[in-house]
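Novice: Input target15.txt, format and content: compact mmCIF, C-alpha atoms.
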# COMPACT_ATOMS: atom_id res chain seq x y z
CA MET E 44 0.00 0.00 0.00
CA LEU E 45 1.08 3.57 -0.54
CA VAL E 46 1.57 5.49 2.69
CA LEU E 47 2.36 9.18 2.66
CA ILE E 48 4.44 10.11 5.70
CA THR E 49 4.75 13.77 6.64
CA TYR E 50 6.41 15.35 9.62
CA ASP E 51 7.05 18.66 11.28
CA VAL E 52 9.93 18.66 13.76
CA ASN E 53 10.66 21.69 15.92
CA THR E 54 14.27 22.68 15.15
CA GLU E 55 14.70 25.58 17.56
CA THR E 56 17.20 23.53 19.59
CA GLU E 57 20.13 21.29 18.68
CA ALA E 58 18.12 18.33 20.00
CA GLY E 59 15.33 19.24 17.57
CA LYS E 60 17.75 19.42 14.65
CA LYS E 61 19.06 15.98 15.61
CA ARG E 62 15.50 14.58 15.74
CA LEU E 63 14.81 16.04 12.30
CA ARG E 64 17.85 14.28 10.82
CA LYS E 65 16.86 10.99 12.48
CA VAL E 66 13.28 11.18 11.24
CA ALA E 67 14.43 11.95 7.68
CA LYS E 68 16.97 9.11 7.78
CA GLN E 69 14.31 6.60 8.84
CA CYS E 70 11.90 7.81 6.17
CA ILE E 71 14.60 7.50 3.50
CA ASN E 72 14.98 3.85 4.53
CA TYR E 73 11.33 3.19 3.69
CA GLY E 74 10.41 5.48 0.82
CA GLN E 75 11.09 8.27 -1.62
CA ARG E 76 11.29 11.92 -0.56
CA VAL E 77 8.85 13.93 -2.67
CA GLN E 78 9.13 17.20 -0.71
CA ASN E 79 11.24 18.34 2.23
CA SER E 80 9.20 16.61 4.94
CA VAL E 81 7.04 14.36 2.77
CA PHE E 82 7.78 10.76 1.78
CA GLU E 83 5.88 8.31 -0.42
CA CYS E 84 6.38 4.78 0.90
CA ILE E 85 5.22 1.45 -0.53
CA LEU E 86 4.79 -0.66 2.60
CA ASP E 87 3.14 -3.86 3.70
CA ALA E 88 1.29 -3.87 7.03
CA ALA E 89 4.31 -5.06 9.04
CA GLN E 90 6.63 -2.44 7.53
CA CYS E 91 4.04 0.24 8.17
CA ARG E 92 3.77 -0.69 11.85
CA LYS E 93 7.57 -0.81 12.14
CA VAL E 94 8.28 2.59 10.58
CA LYS E 95 5.47 4.18 12.60
CA TYR E 96 6.91 2.72 15.81
CA LEU E 97 10.46 3.84 14.92
CA LEU E 98 9.36 7.39 14.13
CA GLU E 99 7.27 7.63 17.30
CA GLN E 100 10.39 6.72 19.30
CA ILE E 101 12.32 9.62 17.72
CA ILE E 102 9.92 12.55 17.89
CA ASP E 103 9.00 14.66 20.88
CA PRO E 104 5.18 14.56 20.81
CA GLN E 105 5.03 17.82 22.76
CA LYS E 106 6.93 19.67 20.00
CA ASP E 107 6.81 17.59 16.81
CA SER E 108 4.13 15.93 14.69
CA LEU E 109 3.82 12.98 12.33
CA ARG E 110 1.05 12.30 9.84
CA PHE E 111 0.40 9.04 8.02
CA TYR E 112 -1.93 9.05 5.01
CA TYR E 113 -2.94 5.54 3.97
CA LEU E 114 -3.67 5.67 0.23
CA GLY E 115 -3.97 1.90 -0.19
CA ASN E 116 -3.01 -0.42 -3.02
CA HIS E 117 -4.94 1.40 -5.76
CA TYR E 118 -3.24 4.73 -5.22
CA GLN E 119 -2.42 5.44 -8.88
CA THR E 120 -5.77 7.16 -9.41
CA LYS E 121 -5.49 9.08 -6.12
CA VAL E 122 -2.18 10.84 -6.78
CA GLU E 123 -1.75 13.67 -9.25
CA HIS E 124 1.55 15.45 -9.85
CA VAL E 125 1.88 18.96 -11.25
CA GLY E 126 5.11 20.90 -11.50
CA ALA E 127 8.83 20.72 -11.95
CA LYS E 128 9.95 17.59 -10.14
CA PRO E 129 9.59 14.43 -12.22
CA THR E 130 6.97 11.93 -11.16
CA TYR E 131 8.32 9.01 -9.19
CA GLU E 132 6.90 5.59 -10.07
CA ALA E 133 7.06 3.81 -6.71
CA GLU E 134 6.63 0.32 -8.10
CA GLY E 135 8.33 0.89 -11.44
CA VAL E 136 11.62 -0.50 -12.69
CA LEU E 137 14.69 0.85 -10.90
CA MET E 138 17.92 1.03 -12.89
CA ILE E 139 21.18 1.56 -11.06
Once more with this new file: its structure as structure tokens, please.
Specialist:
Amino acid sequence: MLVLITYDVNTETEAGKKRLRKVAKQCINYGQRVQNSVFECILDAAQCRKVKYLLEQIIDPQKDSLRFYYLGNHYQTKVEHVGAKPTYEAEGVLMI
């Protein structure tokens, strides 16, 4: 399923900047960054629970926020891209 993960981490302190880096690093492990604090992730249920748990361990819920948008398996008709950055095909062929 496609899960959109977004976050807002308070970076007024060094600890906040460190949390921001940790959250971004975890999100990179599970998906593709599409904007600064927005990741598109193709996850199964177990991966979704795991990344949610990991991110919840990093953030400070008094200062930071996470949002998970569950777009499901038939997300192709629910996502529209307009603008400069090329569209990312999450389940397409990857050439390295």
Novice: Extract, using all atoms listed in the file, all DNA, RNA and protein residues at most 9 Å from E:Cys84, discarding same-chain residues fewer than 6 positions from it, and format them as a list in words.
Specialist: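 Residues meeting the cut-off are Met44, Leu45, Val46, Leu47, Ile48, Cys70, Tyr73, Gly74, Gln75, Arg76, Cys91 and Ala133 of chain E.
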Novice: Between E:Lys95, E:Ser108, E:Asn79, E:Ile101, single out the one closest to E:Lys61, counting all atoms listed in the file.
Specialist: E:Ile101
Novice: Do you know which residues are at most 12 Å from E:Arg62 counting all atoms listed in the file, after dropping those on the same chain fewer than 4 positions away, and could you put them as a PyMOL selection string?
Specialist: chain E and resi 50-58+66-69+97-104+106-108
Novice: So which one's closest to E:Lys93, E:Ala127, E:Tyr112, E:Val81, E:Asn72? Using all atoms listed in the file, please.
Specialist: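 Comparing E:Ala127, E:Tyr112, E:Val81, E:Asn72 against E:Lys93, the winner is E:Asn72.
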Novice: Just the number, please: distance in Å from atom CA of E:Arg110 to atom CA of E:Val125, one decimal.
Specialist: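 Between atom CA of E:Arg110 and atom CA of E:Val125 the gap is 22.1 Å.
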